[in-house]
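Visitor: Data file start_5.tsv (TSV, C-alpha atoms) is appended below.
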```tsv
chain	number	residue	atom	x	y	z
A	1	MET	CA	-21.59	-5.13	-6.37
A	2	LYS	CA	-21.47	-2.57	-3.55
A	3	TYR	CA	-24.36	-1.97	-1.18
A	4	SER	CA	-24.69	1.65	-2.34
A	5	GLU	CA	-25.20	0.43	-5.92
A	6	CYS	CA	-27.93	-2.13	-5.17
A	7	ARG	CA	-29.63	-0.68	-2.09
A	8	ASP	CA	-32.68	0.39	-4.10
A	9	GLU	CA	-33.12	-3.16	-5.43
A	10	ILE	CA	-33.60	-4.67	-1.97
A	11	VAL	CA	-37.29	-5.10	-1.12
A	12	SER	CA	-39.20	-6.07	2.00
A	13	GLY	CA	-39.01	-9.81	2.48
A	14	ASP	CA	-35.58	-10.35	0.95
A	15	LEU	CA	-33.41	-12.61	3.08
A	16	ILE	CA	-30.18	-11.05	4.30
A	17	ILE	CA	-27.47	-13.56	5.16
A	18	PHE	CA	-24.12	-12.97	6.86
A	19	SER	CA	-20.84	-14.82	7.15
A	20	HIS	CA	-18.40	-14.06	9.94
A	21	TYR	CA	-14.62	-14.47	9.97
A	22	LYS	CA	-13.32	-12.24	12.78
A	23	TRP	CA	-11.65	-13.55	15.94
A	24	ALA	CA	-11.18	-10.24	17.81
A	25	THR	CA	-13.88	-10.40	20.52
A	26	TRP	CA	-15.60	-12.96	22.74
A	27	LYS	CA	-18.66	-12.70	20.48
A	28	ASP	CA	-16.45	-13.36	17.43
A	29	ILE	CA	-15.06	-16.48	19.10
A	30	GLN	CA	-18.57	-17.74	19.91
A	31	VAL	CA	-19.76	-17.16	16.34
A	32	GLN	CA	-16.65	-18.78	14.87
A	33	THR	CA	-17.08	-21.80	17.13
A	34	ILE	CA	-20.65	-22.26	15.89
A	35	ARG	CA	-19.55	-21.78	12.29
A	36	ILE	CA	-16.76	-24.37	12.60
A	37	PHE	CA	-18.82	-26.99	14.45
A	38	SER	CA	-21.74	-26.61	12.07
A	39	SER	CA	-19.45	-26.63	9.01
A	40	THR	CA	-21.14	-23.64	7.43
A	41	GLU	CA	-20.17	-20.34	5.92
A	42	TYR	CA	-23.43	-18.69	6.97
A	43	THR	CA	-23.76	-17.45	10.53
A	44	HIS	CA	-26.82	-15.20	10.57
A	45	VAL	CA	-30.02	-14.48	8.67
A	46	GLY	CA	-32.61	-11.72	8.85
A	47	VAL	CA	-35.43	-10.24	6.80
A	48	ALA	CA	-35.26	-6.92	4.95
A	49	ILE	CA	-37.98	-4.34	5.58
A	50	VAL	CA	-38.06	-1.22	3.42
A	51	PHE	CA	-39.84	1.86	4.74
A	52	GLY	CA	-39.17	5.51	5.45
A	53	GLY	CA	-36.67	5.65	2.60
A	54	ARG	CA	-34.40	3.12	4.34
A	55	VAL	CA	-33.62	-0.56	4.24
A	56	TRP	CA	-33.99	-2.12	7.68
A	57	LEU	CA	-32.99	-5.55	8.95
A	58	ALA	CA	-35.45	-7.41	11.17
A	59	GLU	CA	-33.33	-9.89	13.08
A	60	SER	CA	-33.08	-11.91	16.25
A	61	VAL	CA	-29.80	-11.25	18.03
A	62	ASN	CA	-28.73	-11.41	21.65
A	63	PRO	CA	-30.57	-10.18	23.70
A	64	THR	CA	-33.71	-9.47	21.65
A	65	VAL	CA	-35.39	-9.19	18.27
A	66	ARG	CA	-34.53	-5.82	16.75
A	67	LEU	CA	-34.96	-3.61	13.73
A	68	VAL	CA	-31.71	-1.96	12.62
A	69	PRO	CA	-30.72	-0.01	9.49
A	70	LEU	CA	-29.04	-2.51	7.16
A	71	SER	CA	-26.28	0.00	6.48
A	72	ASN	CA	-25.32	-0.19	10.19
A	73	VAL	CA	-24.60	-3.93	10.03
A	74	ALA	CA	-23.52	-4.34	6.39
A	75	LYS	CA	-20.07	-2.80	6.64
A	76	GLU	CA	-18.28	-6.05	5.80
A	77	GLY	CA	-20.70	-7.33	3.20
A	78	PHE	CA	-23.56	-9.80	3.15
A	79	TYR	CA	-25.60	-12.01	0.88
A	80	VAL	CA	-29.12	-11.32	-0.29
A	81	ILE	CA	-31.73	-13.74	-1.56
A	82	PRO	CA	-34.36	-11.67	-3.39
A	83	THR	CA	-37.91	-12.76	-2.71
A	84	ARG	CA	-40.73	-13.60	-5.05
A	85	HIS	CA	-43.10	-13.63	-2.07
A	86	PRO	CA	-44.23	-10.08	-1.20
A	87	VAL	CA	-44.58	-9.39	2.50
A	88	THR	CA	-48.19	-9.66	3.62
A	89	ASP	CA	-49.73	-7.48	6.32
A	90	GLU	CA	-49.75	-10.55	8.58
A	91	GLU	CA	-46.01	-11.07	8.13
A	92	MET	CA	-45.21	-7.39	8.65
A	93	GLU	CA	-47.29	-7.40	11.83
A	94	PHE	CA	-45.40	-10.48	13.05
A	95	LEU	CA	-41.98	-9.00	12.23
A	96	LEU	CA	-42.69	-5.68	13.94
A	97	SER	CA	-44.61	-7.09	16.92
A	98	LYS	CA	-41.56	-9.09	18.03
A	99	VAL	CA	-39.14	-6.13	18.02
A	100	GLY	CA	-37.95	-5.44	21.56
A	101	VAL	CA	-40.41	-8.00	22.95
A	102	ALA	CA	-39.29	-11.44	21.80
A	103	HIS	CA	-35.88	-12.58	22.94
A	104	TYR	CA	-32.96	-14.33	21.33
A	105	SER	CA	-32.18	-17.72	22.81
A	106	LYS	CA	-28.70	-19.26	22.74
A	107	TRP	CA	-30.26	-22.48	23.96
A	108	GLN	CA	-32.62	-22.51	21.00
A	109	ALA	CA	-29.65	-21.87	18.70
A	110	VAL	CA	-28.00	-24.99	20.14
A	111	LEU	CA	-31.22	-26.97	19.69
A	112	ALA	CA	-31.50	-25.72	16.11
A	113	TYR	CA	-27.99	-26.91	15.27
A	114	LEU	CA	-28.85	-30.29	16.80
A	115	ASN	CA	-32.04	-30.30	14.69
A	116	LYS	CA	-34.13	-30.53	17.88
A	117	LEU	CA	-35.79	-27.09	17.83
A	118	LYS	CA	-39.57	-26.90	17.61
A	119	ILE	CA	-40.03	-23.83	15.44
A	120	GLY	CA	-42.33	-21.04	16.60
A	121	VAL	CA	-43.70	-22.62	19.77
A	122	ASP	CA	-42.71	-19.76	22.09
A	123	ASP	CA	-41.55	-16.15	22.06
A	124	LEU	CA	-37.85	-17.05	22.04
A	125	TYR	CA	-36.15	-16.98	18.66
A	126	GLU	CA	-32.82	-17.64	17.13
A	127	CYS	CA	-32.21	-15.84	13.85
A	128	ALA	CA	-33.24	-18.50	11.32
A	129	GLU	CA	-36.35	-19.43	13.31
A	130	TYR	CA	-37.50	-15.78	13.26
A	131	ALA	CA	-36.99	-15.59	9.48
A	132	ILE	CA	-38.72	-18.94	8.86
A	133	CYS	CA	-41.75	-17.97	10.98
A	134	ALA	CA	-42.04	-14.56	9.31
A	135	ARG	CA	-41.66	-15.62	5.69
A	136	LYS	CA	-44.06	-18.54	6.16
A	137	LEU	CA	-46.81	-15.97	6.82
A	138	SER	CA	-46.35	-14.72	3.24
A	139	GLY	CA	-46.25	-18.19	1.72
A	140	TRP	CA	-42.50	-18.76	1.54
A	141	HIS	CA	-41.72	-22.04	3.29
A	142	LEU	CA	-38.05	-22.18	4.18
A	143	GLY	CA	-37.95	-25.63	5.72
A	144	GLU	CA	-38.04	-26.99	9.23
A	145	ARG	CA	-34.37	-26.68	10.16
A	146	ALA	CA	-33.74	-23.33	11.82
A	147	VAL	CA	-30.11	-22.66	11.00
A	148	PRO	CA	-28.88	-20.08	8.48
A	149	ALA	CA	-27.23	-22.68	6.22
A	150	ALA	CA	-30.43	-24.74	6.02
A	151	VAL	CA	-32.50	-21.64	5.19
A	152	VAL	CA	-30.06	-20.76	2.39
A	153	LYS	CA	-30.04	-24.34	1.11
A	154	GLU	CA	-33.85	-24.51	1.06
A	155	ALA	CA	-34.19	-21.18	-0.75
A	156	LEU	CA	-31.64	-22.22	-3.38
A	157	LYS	CA	-33.34	-25.60	-3.77
A	158	GLN	CA	-36.57	-23.71	-4.57
A	159	GLY	CA	-34.84	-21.88	-7.42
A	160	PHE	CA	-34.02	-18.62	-5.67
A	161	ARG	CA	-30.69	-16.93	-6.35
A	162	MET	CA	-28.22	-15.58	-3.83
A	163	TYR	CA	-25.98	-12.58	-4.46
A	164	TYR	CA	-22.99	-11.27	-2.54
A	165	ILE	CA	-23.12	-7.57	-1.71
A	166	GLU	CA	-19.88	-5.81	-0.81
A	167	GLY	CA	-19.87	-3.72	2.34
A	168	LEU	CA	-19.88	0.03	2.59
```
Is it possible to give me this structure as structure tokens?
Guide:
Amino acid sequence: MKYSECRDEIVSGDLIIFSHYKWATWKDIQVQTIRIFSSTEYTHVGVAIVFGGRVWLAESVNPTVRLVPLSNVAKEGFYVIPTRHPVTDEEMEFLLSKVGVAHYSKWQAVLAYLNKLKIGVDDLYECAEYAICARKLSGWHLGERAVPAAVVKEALKQGFRMYYIEGL
């Protein structure tokens, strides 16, 4: 299904998951290296926020946590895990309060892949940690391993479904 066909079905709190297969830039090489060493298809996760007639992605990327229109980053497709846990005011406040303030941490990404990251103890986030901390505030516990593949695995284990959405 194409993004334009399902855009209106995405709700705040849905998990948005990406895979990455390019090798064209230094960033691509870094992401591919992580993907290969961690033996996973999934390289990034964020949380959908719907407001103002748009679908936004709340995500932690280098250098900071940001809010970006999903259509701007969905050109090559993505996965969505629809939520059964509506976003609470507390979660929305958390998601928005970190935008432009909290920073992405490559070191924490390394610790997460080594399963050594203490989730939510500071204002540095890698992508899965940000999603785990946010969704927990609305009652969706996505585990204690802050890597995209572990978040996906935990959601699927809980009976959630994942769907592939074609890019624009």
Visitor: Would you kindly return, as a list in words, each protein, DNA or RNA residue with an atom no farther than 12 Å from any atom of A:Val55, considering all atoms listed in the file and excluding same-chain residues fewer than 2 positions away?
Guide: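 After dropping sequence-adjacent residues, the list is Tyr3, Ser4, Cys6, Arg7, Asp8, Glu9, Ile10, Val11, Ser12, Gly13, Asp14, Ile16, Val47, Ala48, Ile49, Val50, Phe51, Gly52, Gly53, Leu57, Ala58, Leu67, Val68, Pro69, Leu70, Ser71, Asn72, Val73 and Ala74 of chain A.
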Visitor: Please, what distance in Å, to one decimal, runs between atom CA of A:Gly100 and atom CA of A:Cys127?
Guide: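 Computed distance, atom CA of A:Gly100 to atom CA of A:Cys127, equals 14.2 Å.
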Visitor: Of the candidates A:Gly159, A:Gly167, A:Pro86, A:Pro148, which shows the shortest atom-to-atom distance to A:Ile17, using only C-alpha atoms?
Guide: A:Pro148
Visitor: Atom CA of A:Trp107 and atom CA of A:Thr83 are how many Å apart?
Guide: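 A separation of 29.4 Å between them.
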Visitor: Which distance in Å separates atom CA of A:Arg84 and atom CA of A:Leu137, to one decimal?
Guide: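 About the pair atom CA of A:Arg84 and atom CA of A:Leu137: they are 13.5 Å apart.
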Visitor: Closest to A:Ile119 among A:His85, A:Arg145, A:His44, A:Lys75, using only C-alpha atoms?
Guide: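 With only C-alpha atoms as the atom set, the closest residue is A:Arg145.
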Visitor: For A:Ala149, list every protein, DNA or RNA residue within 8 Å, evaluated using all atoms listed in the file, and leave out those in the same chain fewer than 4 positions away; present the list as a ChimeraX atom specification.
Guide: /A:40-43,153
Visitor: Would you compute the box with edges along x, y and z of the file around stretch 113-119 of chain A, including every atom the file lists for it and 4 Å extra on each side, and give its centre and edge lengths in Å to one decimal, as AutoDock Vina command-line options?
Guide:
```
--center_x -34.0 --center_y -27.2 --center_z 16.3 --size_x 20.0 --size_y 14.7 --size_z 11.2
```
Visitor: Neighbouring residues of A:Arg161 were defined as those with any atom within 8 Å, considering all atoms listed in the file; residues of the same chain fewer than 6 positions away were excluded. Please report them as a PyMOL selection string.
Guide: chain A and resi 81-82+155
Visitor: Calculated over only C-alpha atoms, which of the candidates A:Ala102, A:Cys133, A:Glu90, A:Glu144 has the smallest distance to A:Asn115?
Guide: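 Closest to A:Asn115, using only C-alpha atoms: A:Glu144.
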Visitor: Just want the 8 Å neighbourhood of A:Tyr113, counted on only C-alpha atoms, with same-chain residues fewer than 3 positions away dropped. Output as a list in words.
Guide: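 Skipping anything fewer than 3 positions along the chain leaves Ser38, Ala109, Val110, Lys116, Ala146 and Val147 of chain A.
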Visitor: Please provide the set of residues having any atom within 10 Å of A:Gln158, restricted to all atoms listed in the file, with same-chain residues fewer than 5 positions apart removed, written as a list in words.
Guide: Trp140, His141, Leu142, Val152 and Lys153 of chain A
Visitor: Please write as number ranges by chain the list of polymer residues whose atoms come within 12 Å of (-42.5, -11.4, 12.8), counting all atoms listed in the file and keeping to the coordinates of the file.
Guide: A: 13, 46-49, 57-60, 65-67, 87-102, 120, 123-125, 127-138
